[in-house]
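**Q** Below is the file run18.csv, with CSV, C-alpha atoms.
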chain,number,residue,atom,x,y,z
G,1,MET,CA,34.8,-53.3,147.1
G,2,ASP,CA,33.6,-51.2,150.0
G,3,ARG,CA,30.5,-52.0,152.0
G,4,LEU,CA,28.8,-50.5,155.0
G,5,LEU,CA,28.3,-52.7,158.1
G,6,ALA,CA,26.6,-52.3,161.5
G,7,ASN,CA,23.6,-50.3,160.3
G,8,GLY,CA,25.8,-48.2,158.0
G,9,THR,CA,28.2,-47.1,160.8
G,10,VAL,CA,31.3,-49.1,159.8
G,11,ASN,CA,32.9,-48.8,156.3
G,12,ALA,CA,34.9,-51.9,155.2
G,13,ALA,CA,36.8,-53.1,152.1
G,14,GLN,CA,36.1,-56.7,151.1
G,15,SER,CA,37.9,-59.0,148.7
G,16,GLY,CA,38.2,-62.7,148.0
G,17,GLU,CA,36.0,-65.7,148.9
G,18,GLY,CA,36.0,-68.2,151.7
G,19,ALA,CA,35.9,-68.0,155.5
G,20,PRO,CA,35.7,-64.4,156.8
G,21,LEU,CA,38.9,-62.9,158.0
G,22,PHE,CA,38.8,-59.4,159.5
G,23,LEU,CA,41.8,-57.1,159.8
G,24,PHE,CA,41.7,-54.3,162.4
G,25,HIS,CA,44.3,-51.5,161.9
G,26,SER,CA,46.4,-49.7,164.4
G,27,LEU,CA,45.8,-46.2,165.9
G,28,LEU,CA,48.8,-44.6,164.2
G,29,SER,CA,47.9,-46.0,160.8
G,30,ASP,CA,44.8,-46.8,158.7
G,31,ARG,CA,43.4,-49.8,156.8
G,32,ALA,CA,45.9,-49.3,154.1
G,33,SER,CA,48.5,-50.7,156.4
G,34,PHE,CA,47.2,-54.1,155.3
G,35,ASP,CA,47.4,-53.5,151.6
G,36,ALA,CA,50.6,-55.5,151.1
G,37,ILE,CA,49.1,-58.7,152.6
G,38,VAL,CA,45.4,-58.5,151.5
G,39,PRO,CA,46.0,-59.9,147.9
G,40,GLU,CA,47.6,-63.0,149.3
G,41,LEU,CA,45.0,-63.5,152.1
G,42,ALA,CA,42.2,-63.0,149.7
G,43,THR,CA,43.2,-66.0,147.7
G,44,SER,CA,42.0,-68.2,150.6
G,45,PHE,CA,39.7,-66.0,152.7
G,46,ARG,CA,36.9,-63.5,152.4
G,47,THR,CA,39.1,-60.7,153.7
G,48,ILE,CA,37.3,-57.8,155.3
G,49,VAL,CA,39.3,-54.7,156.3
G,50,PRO,CA,37.1,-52.2,158.2
G,51,GLU,CA,38.0,-48.6,159.1
G,52,LEU,CA,37.7,-48.5,162.8
G,53,PRO,CA,35.1,-46.2,164.4
G,54,GLY,CA,36.1,-42.6,163.8
G,55,PHE,CA,38.5,-43.4,160.9
G,56,GLY,CA,37.8,-42.9,157.2
G,57,GLY,CA,34.1,-43.6,156.4
G,58,SER,CA,33.3,-45.1,159.8
G,59,ARG,CA,31.3,-43.2,162.4
G,60,ALA,CA,32.9,-42.4,165.7
G,61,VAL,CA,31.4,-43.9,168.9
G,62,GLU,CA,31.4,-42.6,172.5
G,63,GLY,CA,32.0,-44.8,175.5
G,64,GLY,CA,35.6,-45.8,175.4
G,65,LEU,CA,37.2,-49.0,174.1
G,66,ALA,CA,34.3,-51.1,175.2
G,67,ALA,CA,31.9,-49.2,173.0
G,68,VAL,CA,34.3,-49.4,170.1
G,69,ALA,CA,34.6,-53.2,170.6
G,70,ASP,CA,30.8,-53.5,170.7
G,71,ARG,CA,30.5,-51.6,167.4
G,72,MET,CA,33.1,-53.8,165.8
G,73,ALA,CA,31.3,-56.9,167.1
G,74,GLU,CA,28.2,-55.7,165.4
G,75,ALA,CA,30.2,-55.2,162.2
G,76,VAL,CA,31.8,-58.7,162.4
G,77,THR,CA,28.5,-60.3,163.0
G,78,ASP,CA,27.0,-58.4,160.1
G,79,ALA,CA,29.7,-59.3,157.6
G,80,ALA,CA,30.3,-62.9,158.8
G,81,GLY,CA,26.7,-63.8,158.4
G,82,GLY,CA,26.9,-66.6,160.9
G,83,ALA,CA,30.2,-68.1,159.6
G,84,PRO,CA,33.1,-68.6,162.0
G,85,ALA,CA,35.2,-65.5,161.8
G,86,ILE,CA,39.0,-65.0,162.3
G,87,VAL,CA,39.9,-61.6,163.6
G,88,LEU,CA,43.4,-60.1,163.3
G,89,GLY,CA,44.2,-56.9,165.1
G,90,ASN,CA,47.4,-54.8,164.9
G,91,GLY,CA,48.3,-52.4,167.7
G,92,TYR,CA,45.1,-50.5,168.7
G,93,GLY,CA,43.2,-52.9,166.5
G,94,GLY,CA,44.5,-55.8,168.6
G,95,PHE,CA,43.3,-54.2,171.8
G,96,ILE,CA,39.9,-53.8,170.2
G,97,ALA,CA,39.9,-57.4,169.0
G,98,LEU,CA,40.8,-58.7,172.5
G,99,GLN,CA,38.2,-56.5,174.2
G,100,MET,CA,35.6,-57.7,171.6
G,101,ALA,CA,36.5,-61.3,172.3
G,102,ILE,CA,36.1,-60.8,176.1
G,103,ARG,CA,32.8,-59.0,175.7
G,104,HIS,CA,31.4,-61.3,173.0
G,105,PRO,CA,32.9,-64.8,173.5
G,106,ALA,CA,31.2,-66.3,170.4
G,107,ILE,CA,32.3,-63.6,168.0
G,108,ALA,CA,35.5,-65.2,166.7
G,109,SER,CA,36.8,-68.7,166.1
G,110,LYS,CA,40.4,-67.6,166.2
G,111,LEU,CA,42.3,-64.4,167.1
G,112,ILE,CA,45.6,-63.0,165.9
G,113,LEU,CA,46.9,-60.2,168.1
G,114,ALA,CA,49.8,-58.5,166.4
G,115,ASP,CA,51.9,-56.0,168.4
G,116,SER,CA,49.3,-55.6,171.1
G,117,GLY,CA,48.9,-56.6,174.8
G,118,ALA,CA,46.6,-56.6,177.8
G,119,ALA,CA,47.9,-53.6,179.6
G,120,PHE,CA,50.7,-51.0,179.3
G,121,SER,CA,53.5,-50.3,181.8
G,122,GLU,CA,53.4,-46.9,183.5
G,123,PRO,CA,55.9,-45.4,181.0
G,124,GLY,CA,53.7,-46.8,178.2
G,125,ARG,CA,50.6,-45.1,179.8
G,126,GLU,CA,52.5,-41.9,180.2
G,127,ALA,CA,53.4,-41.9,176.5
G,128,PHE,CA,49.7,-42.0,175.6
G,129,ARG,CA,48.9,-39.2,178.0
G,130,ASN,CA,51.7,-37.1,176.5
G,131,MET,CA,50.5,-37.7,172.9
G,132,ALA,CA,47.0,-36.8,173.9
G,133,ARG,CA,48.2,-33.6,175.6
G,134,VAL,CA,50.5,-32.4,172.9
G,135,SER,CA,48.0,-33.2,170.1
G,136,ARG,CA,45.4,-31.2,172.1
G,137,GLU,CA,47.7,-28.2,172.4
G,138,LYS,CA,49.5,-28.2,169.1
G,139,GLY,CA,47.7,-30.7,166.7
G,140,LEU,CA,48.8,-34.0,165.2
G,141,GLN,CA,51.6,-32.4,163.3
G,142,ALA,CA,53.5,-31.8,166.5
G,143,ILE,CA,53.6,-35.6,167.3
G,144,THR,CA,54.0,-37.0,163.8
G,145,ASP,CA,57.7,-37.8,164.3
G,146,VAL,CA,56.9,-39.5,167.6
G,147,ALA,CA,54.1,-41.5,165.9
G,148,MET,CA,56.3,-42.6,163.0
G,149,ARG,CA,59.1,-43.6,165.5
G,150,ARG,CA,56.6,-45.8,167.3
G,151,LEU,CA,55.7,-47.5,164.0
G,152,PHE,CA,59.2,-47.9,162.4
G,153,ALA,CA,62.8,-47.8,163.4
G,154,PRO,CA,64.7,-44.8,162.1
G,155,GLU,CA,66.8,-47.0,159.7
G,156,PHE,CA,63.7,-48.3,158.1
G,157,GLN,CA,62.3,-44.8,157.7
G,158,GLU,CA,65.5,-43.7,155.9
G,159,ARG,CA,65.4,-46.6,153.5
G,160,HIS,CA,61.7,-46.1,152.6
G,161,PRO,CA,61.0,-42.4,152.1
G,162,ASP,CA,57.9,-42.9,149.8
G,163,LEU,CA,56.3,-45.3,152.3
G,164,MET,CA,57.0,-42.9,155.2
G,165,ARG,CA,55.5,-40.0,153.3
G,166,ASP,CA,52.3,-42.0,152.8
G,167,ARG,CA,52.2,-43.1,156.4
G,168,ARG,CA,52.7,-39.5,157.6
G,169,GLU,CA,49.8,-38.3,155.4
G,170,ALA,CA,47.6,-41.1,156.7
G,171,PHE,CA,48.3,-40.3,160.3
G,172,LEU,CA,47.6,-36.6,159.8
G,173,ARG,CA,44.1,-37.5,158.4
G,174,THR,CA,43.2,-39.0,161.8
G,175,ASP,CA,40.4,-37.3,163.7
G,176,LEU,CA,41.9,-35.4,166.6
G,177,ASP,CA,39.0,-36.2,169.0
G,178,VAL,CA,39.1,-39.9,168.1
G,179,PHE,CA,42.8,-40.0,168.5
G,180,ARG,CA,42.8,-38.4,172.0
G,181,ALA,CA,39.9,-40.6,173.1
G,182,ALA,CA,41.8,-43.7,172.0
G,183,CYS,CA,45.0,-42.5,173.8
G,184,ASP,CA,43.0,-41.9,177.0
G,185,ALA,CA,41.4,-45.4,176.7
G,186,LEU,CA,44.7,-47.1,176.2
G,187,ALA,CA,46.4,-45.2,179.0
G,188,GLY,CA,43.8,-46.6,181.4
G,189,LEU,CA,43.3,-50.1,179.9
G,190,ASP,CA,44.0,-53.3,181.9
G,191,LEU,CA,42.5,-56.5,180.5
G,192,ARG,CA,44.8,-58.9,182.3
G,193,ALA,CA,42.2,-60.2,184.8
G,194,GLU,CA,39.9,-61.1,181.9
G,195,LEU,CA,42.3,-63.0,179.7
G,196,ALA,CA,41.3,-66.4,181.1
G,197,THR,CA,37.8,-65.9,179.7
G,198,VAL,CA,39.1,-66.0,176.1
G,199,LYS,CA,38.8,-69.7,175.2
G,200,VAL,CA,39.5,-69.6,171.4
G,201,PRO,CA,43.0,-70.2,169.9
G,202,VAL,CA,45.1,-67.0,169.8
G,203,LEU,CA,48.3,-66.3,167.9
G,204,VAL,CA,50.3,-63.5,169.5
G,205,LEU,CA,52.7,-61.8,167.2
G,206,VAL,CA,55.2,-59.1,167.9
G,207,GLY,CA,58.0,-57.3,166.0
G,208,GLU,CA,61.4,-57.9,167.7
G,209,HIS,CA,62.0,-54.1,167.7
G,210,ASP,CA,58.5,-52.9,168.6
G,211,GLU,CA,58.8,-49.8,170.8
G,212,ALA,CA,55.1,-48.9,170.9
G,213,THR,CA,54.0,-52.3,172.4
G,214,PRO,CA,57.3,-53.9,173.3
G,215,PRO,CA,57.8,-57.7,173.3
G,216,PRO,CA,57.3,-58.1,177.1
G,217,MET,CA,53.7,-57.1,176.6
G,218,SER,CA,53.1,-59.9,174.1
G,219,HIS,CA,54.9,-62.4,176.4
G,220,GLU,CA,52.5,-61.3,179.2
G,221,LEU,CA,49.5,-61.5,176.9
G,222,ALA,CA,50.3,-65.0,175.7
G,223,ALA,CA,51.0,-66.2,179.2
G,224,GLY,CA,47.6,-65.0,180.3
G,225,LEU,CA,45.5,-66.6,177.5
G,226,PRO,CA,44.5,-70.2,177.9
G,227,ARG,CA,45.2,-71.2,174.2
G,228,ALA,CA,47.9,-68.9,172.9
G,229,GLU,CA,51.1,-69.3,171.0
G,230,LEU,CA,53.7,-66.5,170.7
G,231,LYS,CA,55.8,-65.7,167.7
G,232,ILE,CA,58.4,-63.0,167.5
G,233,ILE,CA,59.0,-61.5,164.0
G,234,PRO,CA,62.8,-60.7,163.6
G,235,GLY,CA,63.9,-57.3,162.5
G,236,CYS,CA,60.4,-55.7,162.6
G,237,ALA,CA,58.8,-53.0,164.7
G,238,HIS,CA,55.1,-52.2,165.3
G,239,VAL,CA,53.6,-52.8,161.9
G,240,PRO,CA,55.4,-55.9,160.6
G,241,GLN,CA,52.7,-56.5,157.8
G,242,LEU,CA,54.0,-53.2,156.2
G,243,GLN,CA,57.7,-53.7,157.0
G,244,ALA,CA,58.1,-57.3,156.0
G,245,PRO,CA,54.8,-58.6,154.5
G,246,TRP,CA,56.0,-62.0,153.4
G,247,GLN,CA,57.6,-62.6,156.8
G,248,PHE,CA,54.3,-61.6,158.4
G,249,LEU,CA,52.3,-64.0,156.2
G,250,GLU,CA,54.7,-66.8,156.9
G,251,ALA,CA,54.1,-66.3,160.6
G,252,LEU,CA,50.3,-66.7,160.0
G,253,GLU,CA,50.5,-69.8,157.8
G,254,GLY,CA,50.1,-72.7,160.3
G,255,PHE,CA,47.6,-70.9,162.5
G,256,LEU,CA,45.3,-69.8,159.7
G,257,THR,CA,45.1,-73.2,158.1
Here is a file; write its structure as C-alpha cells.

**A**
Amino acid sequence: MDRLLANGTVNAAQSGEGAPLFLFHSLLSDRASFDAIVPELATSFRTIVPELPGFGGSRAVEGGLAAVADRMAEAVTDAAGGAPAIVLGNGYGGFIALQMAIRHPAIASKLILADSGAAFSEPGREAFRNMARVSREKGLQAITDVAMRRLFAPEFQERHPDLMRDRREAFLRTDLDVFRAACDALAGLDLRAELATVKVPVLVLVGEHDEATPPPMSHELAAGLPRAELKIIPGCAHVPQLQAPWQFLEALEGFLT
C-alpha cells in the first residue's frame, strides 16, 4: 500500500504491523531494491519504503543533502506517529539517514547504515564528479555500465541477466537533475566531525566487494560513531539486500531484535 508523507511530498510503500522500520534506497537504484527483504521484515515490523526526494512519486527538494535529510525527517516523523523508528539506509540512502540523525537527534532509535560512510576519498569524489559531468553531456545511458559495475561485480551481472535488465531500467528512470545534484552533494560531503553526536546504536554493514563505498569507508564510519558495530557481508557488493537477501537479513537479526 502506498501513502503520501510529509505534506504529500514523499511517496512510500507500507506493509506489515509493529514498530516502524524505514528503508532508504541507494542513488543508483530505487525502492524496489528492497523487494526481496520486505516480506520477511514485514512479519515483525511496519515496514515503510519511501521513494527518496526526486525519485518516483516523491517531489525533489533543493538545498543539497541537508535539505533531503530534513524532508525525510519530516516523512519519518509523519509515518512513525511518535513511535521509536529504526532507519536503514543503503548507499545514498545511508548518507541521508546519517545526515538526518545528525540534524534530528531524536528521529531514530536505531540506525542501520549499509554500504555507506561519512566521507569519500579523493578518487571516490572524482568518480561522482565524472558521473555528473558525463551524464550532463551524454545522458544516463552513457554511464549505465559504470553505475551497474558500482552495484554488482561483473560475475554476478553475468549470472543474473533478468535482474540486471530490471536494474538498468530502474537507473535510466532516474531524474537527471536529481542525479547530478546528488553526485555533487556526495562529492563534497564530509560528516566525520559530526559522527560523535550520533548517540543511538548503529549497525554498519558493508559488502566485502563493494567498489562504490569500499569497506574502509565503513571501518572509518564505525570507528567514529560512539555506539556502532560493524559487519562485513562476504561475497557481496554495494546492494547486498538484492545480491544475497537472506544473508543480509541474517546480518540484521540480532540488532533489530

**Q** I'd like the interatomic distance between CA of Ala228 in chain G and CA of Pro201 in chain G, to a tenth of an Å.

**A**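 So the two atoms, CA of Ala228 in chain G and CA of Pro201 in chain G, lie 5.9 Å apart.
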
**Q** Looking at G:Leu242, G:Ile112, G:Leu23, G:Leu140, which one is nearest to Val178 in chain G, with distances taken over all atoms listed in the file?

**A**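 Closest to Val178 in chain G, using all atoms listed in the file: G:Leu140.
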
**Q** For Ser109 in chain G, work out the shell of residues within 8 Å, counting all atoms listed in the file and skipping chain neighbours fewer than 5 positions away, then give it as a PyMOL selection string.

**A** chain G and resi 84-86+200-201

**Q** Fewer than 5 positions away in the same chain doesn't count, so skip those; otherwise give me all residues within 6 Å of Glu208 in chain G, counting all atoms listed in the file, as a ChimeraX atom specification.

**A** /G:232-236

**Q** Find the residue from G:Ala83, G:Val198, G:Ile102, G:Ala182 that sits nearest to Phe55 in chain G; use all atoms listed in the file when measuring.

**A**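 Ranked by minimum distance to Phe55 in chain G, first place goes to G:Ala182.
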
**Q** If I take CA of Pro240 in chain G and CA of Ala80 in chain G, how far is one from the other in Å, to one decimal?

**A**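 Going from CA of Pro240 in chain G over to CA of Ala80 in chain G, I get 26.1 Å.
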
**Q** Neighbours of Met164 in chain G within 12 Å (only C-alpha atoms; same-chain residues fewer than 6 positions away dropped), as an mmCIF file with C-alpha atoms, in the coordinates of the input?

**A**
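Written file, selection02.cif:
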data_model
loop_
_atom_site.group_PDB
_atom_site.id
_atom_site.type_symbol
_atom_site.label_atom_id
_atom_site.label_comp_id
_atom_site.auth_asym_id
_atom_site.auth_seq_id
_atom_site.Cartn_x
_atom_site.Cartn_y
_atom_site.Cartn_z
ATOM 1 C CA SER G 29 47.900 -46.000 160.800
ATOM 2 C CA SER G 33 48.500 -50.700 156.400
ATOM 3 C CA THR G 144 54.000 -37.000 163.800
ATOM 4 C CA ASP G 145 57.700 -37.800 164.300
ATOM 5 C CA ALA G 147 54.100 -41.500 165.900
ATOM 6 C CA MET G 148 56.300 -42.600 163.000
ATOM 7 C CA ARG G 149 59.100 -43.600 165.500
ATOM 8 C CA LEU G 151 55.700 -47.500 164.000
ATOM 9 C CA PHE G 152 59.200 -47.900 162.400
ATOM 10 C CA ALA G 153 62.800 -47.800 163.400
ATOM 11 C CA PRO G 154 64.700 -44.800 162.100
ATOM 12 C CA GLU G 155 66.800 -47.000 159.700
ATOM 13 C CA PHE G 156 63.700 -48.300 158.100
ATOM 14 C CA GLN G 157 62.300 -44.800 157.700
ATOM 15 C CA GLU G 158 65.500 -43.700 155.900
ATOM 16 C CA ALA G 170 47.600 -41.100 156.700
ATOM 17 C CA PHE G 171 48.300 -40.300 160.300
ATOM 18 C CA LEU G 242 54.000 -53.200 156.200
ATOM 19 C CA GLN G 243 57.700 -53.700 157.000
#

**Q** Which residue gives the smallest distance to Ala69 in chain G among G:Gly54, G:Ile96, G:Gly81, G:Phe24, with all atoms listed in the file counted?

**A**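 Residue with the minimum atom-to-atom distance to Ala69 in chain G: G:Ile96.
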
**Q** Just how far from CA of Ala42 in chain G is CA of Leu172 in chain G, in Å to one decimal?

**A** 28.8 Å

**Q** Extract, using all atoms listed in the file, all DNA, RNA and protein residues at most 9 Å from Lys199 in chain G, discarding same-chain residues fewer than 2 positions from it, and format them as a CSV table (one decimal) with C-alpha atoms, in the frame of the given file.

**A**
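Result saved to around_3.csv:
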chain,number,residue,atom,x,y,z
G,105,PRO,CA,32.9,-64.8,173.5
G,195,LEU,CA,42.3,-63.0,179.7
G,196,ALA,CA,41.3,-66.4,181.1
G,197,THR,CA,37.8,-65.9,179.7
G,201,PRO,CA,43.0,-70.2,169.9
G,202,VAL,CA,45.1,-67.0,169.8
G,225,LEU,CA,45.5,-66.6,177.5
G,226,PRO,CA,44.5,-70.2,177.9
G,227,ARG,CA,45.2,-71.2,174.2

**Q** Around (36.9, -59.9, 145.3) in the file's own coordinates, what residues are found within 8 Å if you use all atoms listed in the file, given back as JSON, numbers by chain?

**A** {"G": [1, 14, 15, 16, 17, 42, 46]}

**Q** What lies within 10 Å of Asp35 in chain G using all atoms listed in the file, ignoring chain neighbours under 2 positions off, as a ChimeraX atom specification?

**A** /G:31-33,37-40,49,241-242,245

**Q** Between G:Gly82, G:Ser121, G:Gly188, G:Lys231, which residue has the minimum interatomic distance to Gly254 in chain G, considering all atoms listed in the file?

**A**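 Comparing G:Gly82, G:Ser121, G:Gly188, G:Lys231 against Gly254 in chain G, the winner is G:Lys231.
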
**Q** Taking into account all atoms listed in the file, which residue in the set G:Gly8, G:Pro161, G:Gly224, G:Gly117 is nearest to Gln99 in chain G?

**A**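 Looking at the shortest contact to Gln99 in chain G, the residue is G:Gly117.
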
**Q** Quick one: contact table of range 14-113 of chain G to range 124-134 of chain G, 12 Å max, nearest atom pair and distance in Å to one decimal per residue, counting all atoms listed in the file, chain and number order, as CSV?

**A**
residue,atom,partner,partner_atom,distance
G:Leu27,CA,G:Phe128,CA,11.3
G:Leu28,CA,G:Met131,CA,11.2
G:Tyr92,CA,G:Phe128,CA,11.9

**Q** Pick from G:Ala106, G:Met217, G:Ala75, G:Leu230: nearest to Leu252 in chain G, with all atoms listed in the file counted?

**A**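 Of G:Ala106, G:Met217, G:Ala75, G:Leu230, the one nearest Leu252 in chain G is G:Leu230, counting all atoms listed in the file.
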
**Q** Could you please fill out range 37-52 of chain G with N, CA, C and O atoms and send it back as a JSON list (two decimals), keeping the file's coordinate frame?

**A**
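Everything below was put into result28.json:
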[["chain", "number", "residue", "atom", "x", "y", "z"],
["G", 37, "ILE", "N", 49.37, -57.28, 152.28],
["G", 37, "ILE", "CA", 49.10, -58.70, 152.60],
["G", 37, "ILE", "C", 47.67, -59.12, 152.13],
["G", 37, "ILE", "O", 47.41, -60.31, 152.01],
["G", 38, "VAL", "N", 46.79, -58.16, 151.88],
["G", 38, "VAL", "CA", 45.40, -58.50, 151.50],
["G", 38, "VAL", "C", 45.34, -59.37, 150.23],
["G", 38, "VAL", "O", 44.60, -60.37, 150.20],
["G", 39, "PRO", "N", 46.07, -59.03, 149.16],
["G", 39, "PRO", "CA", 46.00, -59.90, 147.90],
["G", 39, "PRO", "C", 46.25, -61.33, 148.18],
["G", 39, "PRO", "O", 45.57, -62.20, 147.64],
["G", 40, "GLU", "N", 47.26, -61.62, 149.00],
["G", 40, "GLU", "CA", 47.60, -63.00, 149.30],
["G", 40, "GLU", "C", 46.52, -63.66, 150.17],
["G", 40, "GLU", "O", 46.08, -64.79, 149.91],
["G", 41, "LEU", "N", 46.07, -62.97, 151.20],
["G", 41, "LEU", "CA", 45.00, -63.50, 152.10],
["G", 41, "LEU", "C", 43.73, -63.74, 151.35],
["G", 41, "LEU", "O", 43.00, -64.70, 151.63],
["G", 42, "ALA", "N", 43.43, -62.88, 150.39],
["G", 42, "ALA", "CA", 42.20, -63.00, 149.70],
["G", 42, "ALA", "C", 42.11, -64.16, 148.71],
["G", 42, "ALA", "O", 41.04, -64.46, 148.18],
["G", 43, "THR", "N", 43.23, -64.83, 148.51],
["G", 43, "THR", "CA", 43.20, -66.00, 147.70],
["G", 43, "THR", "C", 42.58, -67.21, 148.45],
["G", 43, "THR", "O", 42.16, -68.21, 147.85],
["G", 44, "SER", "N", 42.51, -67.11, 149.78],
["G", 44, "SER", "CA", 42.00, -68.20, 150.60],
["G", 44, "SER", "C", 40.83, -67.79, 151.51],
["G", 44, "SER", "O", 40.09, -68.65, 151.99],
["G", 45, "PHE", "N", 40.68, -66.47, 151.76],
["G", 45, "PHE", "CA", 39.70, -66.00, 152.70],
["G", 45, "PHE", "C", 38.88, -64.84, 152.11],
["G", 45, "PHE", "O", 39.36, -64.13, 151.24],
["G", 46, "ARG", "N", 37.68, -64.69, 152.62],
["G", 46, "ARG", "CA", 36.90, -63.50, 152.40],
["G", 46, "ARG", "C", 37.48, -62.44, 153.34],
["G", 46, "ARG", "O", 37.19, -62.47, 154.53],
["G", 47, "THR", "N", 38.33, -61.57, 152.83],
["G", 47, "THR", "CA", 39.10, -60.70, 153.70],
["G", 47, "THR", "C", 38.41, -59.33, 153.80],
["G", 47, "THR", "O", 38.15, -58.65, 152.80],
["G", 48, "ILE", "N", 38.10, -58.96, 155.03],
["G", 48, "ILE", "CA", 37.30, -57.80, 155.30],
["G", 48, "ILE", "C", 38.15, -56.82, 156.16],
["G", 48, "ILE", "O", 38.61, -57.20, 157.25],
["G", 49, "VAL", "N", 38.40, -55.63, 155.63],
["G", 49, "VAL", "CA", 39.30, -54.70, 156.30],
["G", 49, "VAL", "C", 38.47, -53.42, 156.64],
["G", 49, "VAL", "O", 38.31, -52.53, 155.81],
["G", 50, "PRO", "N", 37.93, -53.35, 157.86],
["G", 50, "PRO", "CA", 37.10, -52.20, 158.20],
["G", 50, "PRO", "C", 37.99, -50.99, 158.60],
["G", 50, "PRO", "O", 39.15, -51.12, 159.00],
["G", 51, "GLU", "N", 37.41, -49.82, 158.45],
["G", 51, "GLU", "CA", 38.00, -48.60, 159.10],
["G", 51, "GLU", "C", 37.35, -48.55, 160.46],
["G", 51, "GLU", "O", 36.12, -48.57, 160.61],
["G", 52, "LEU", "N", 38.18, -48.52, 161.48],
["G", 52, "LEU", "CA", 37.70, -48.50, 162.80],
["G", 52, "LEU", "C", 36.87, -47.29, 163.13],
["G", 52, "LEU", "O", 37.02, -46.26, 162.45]]
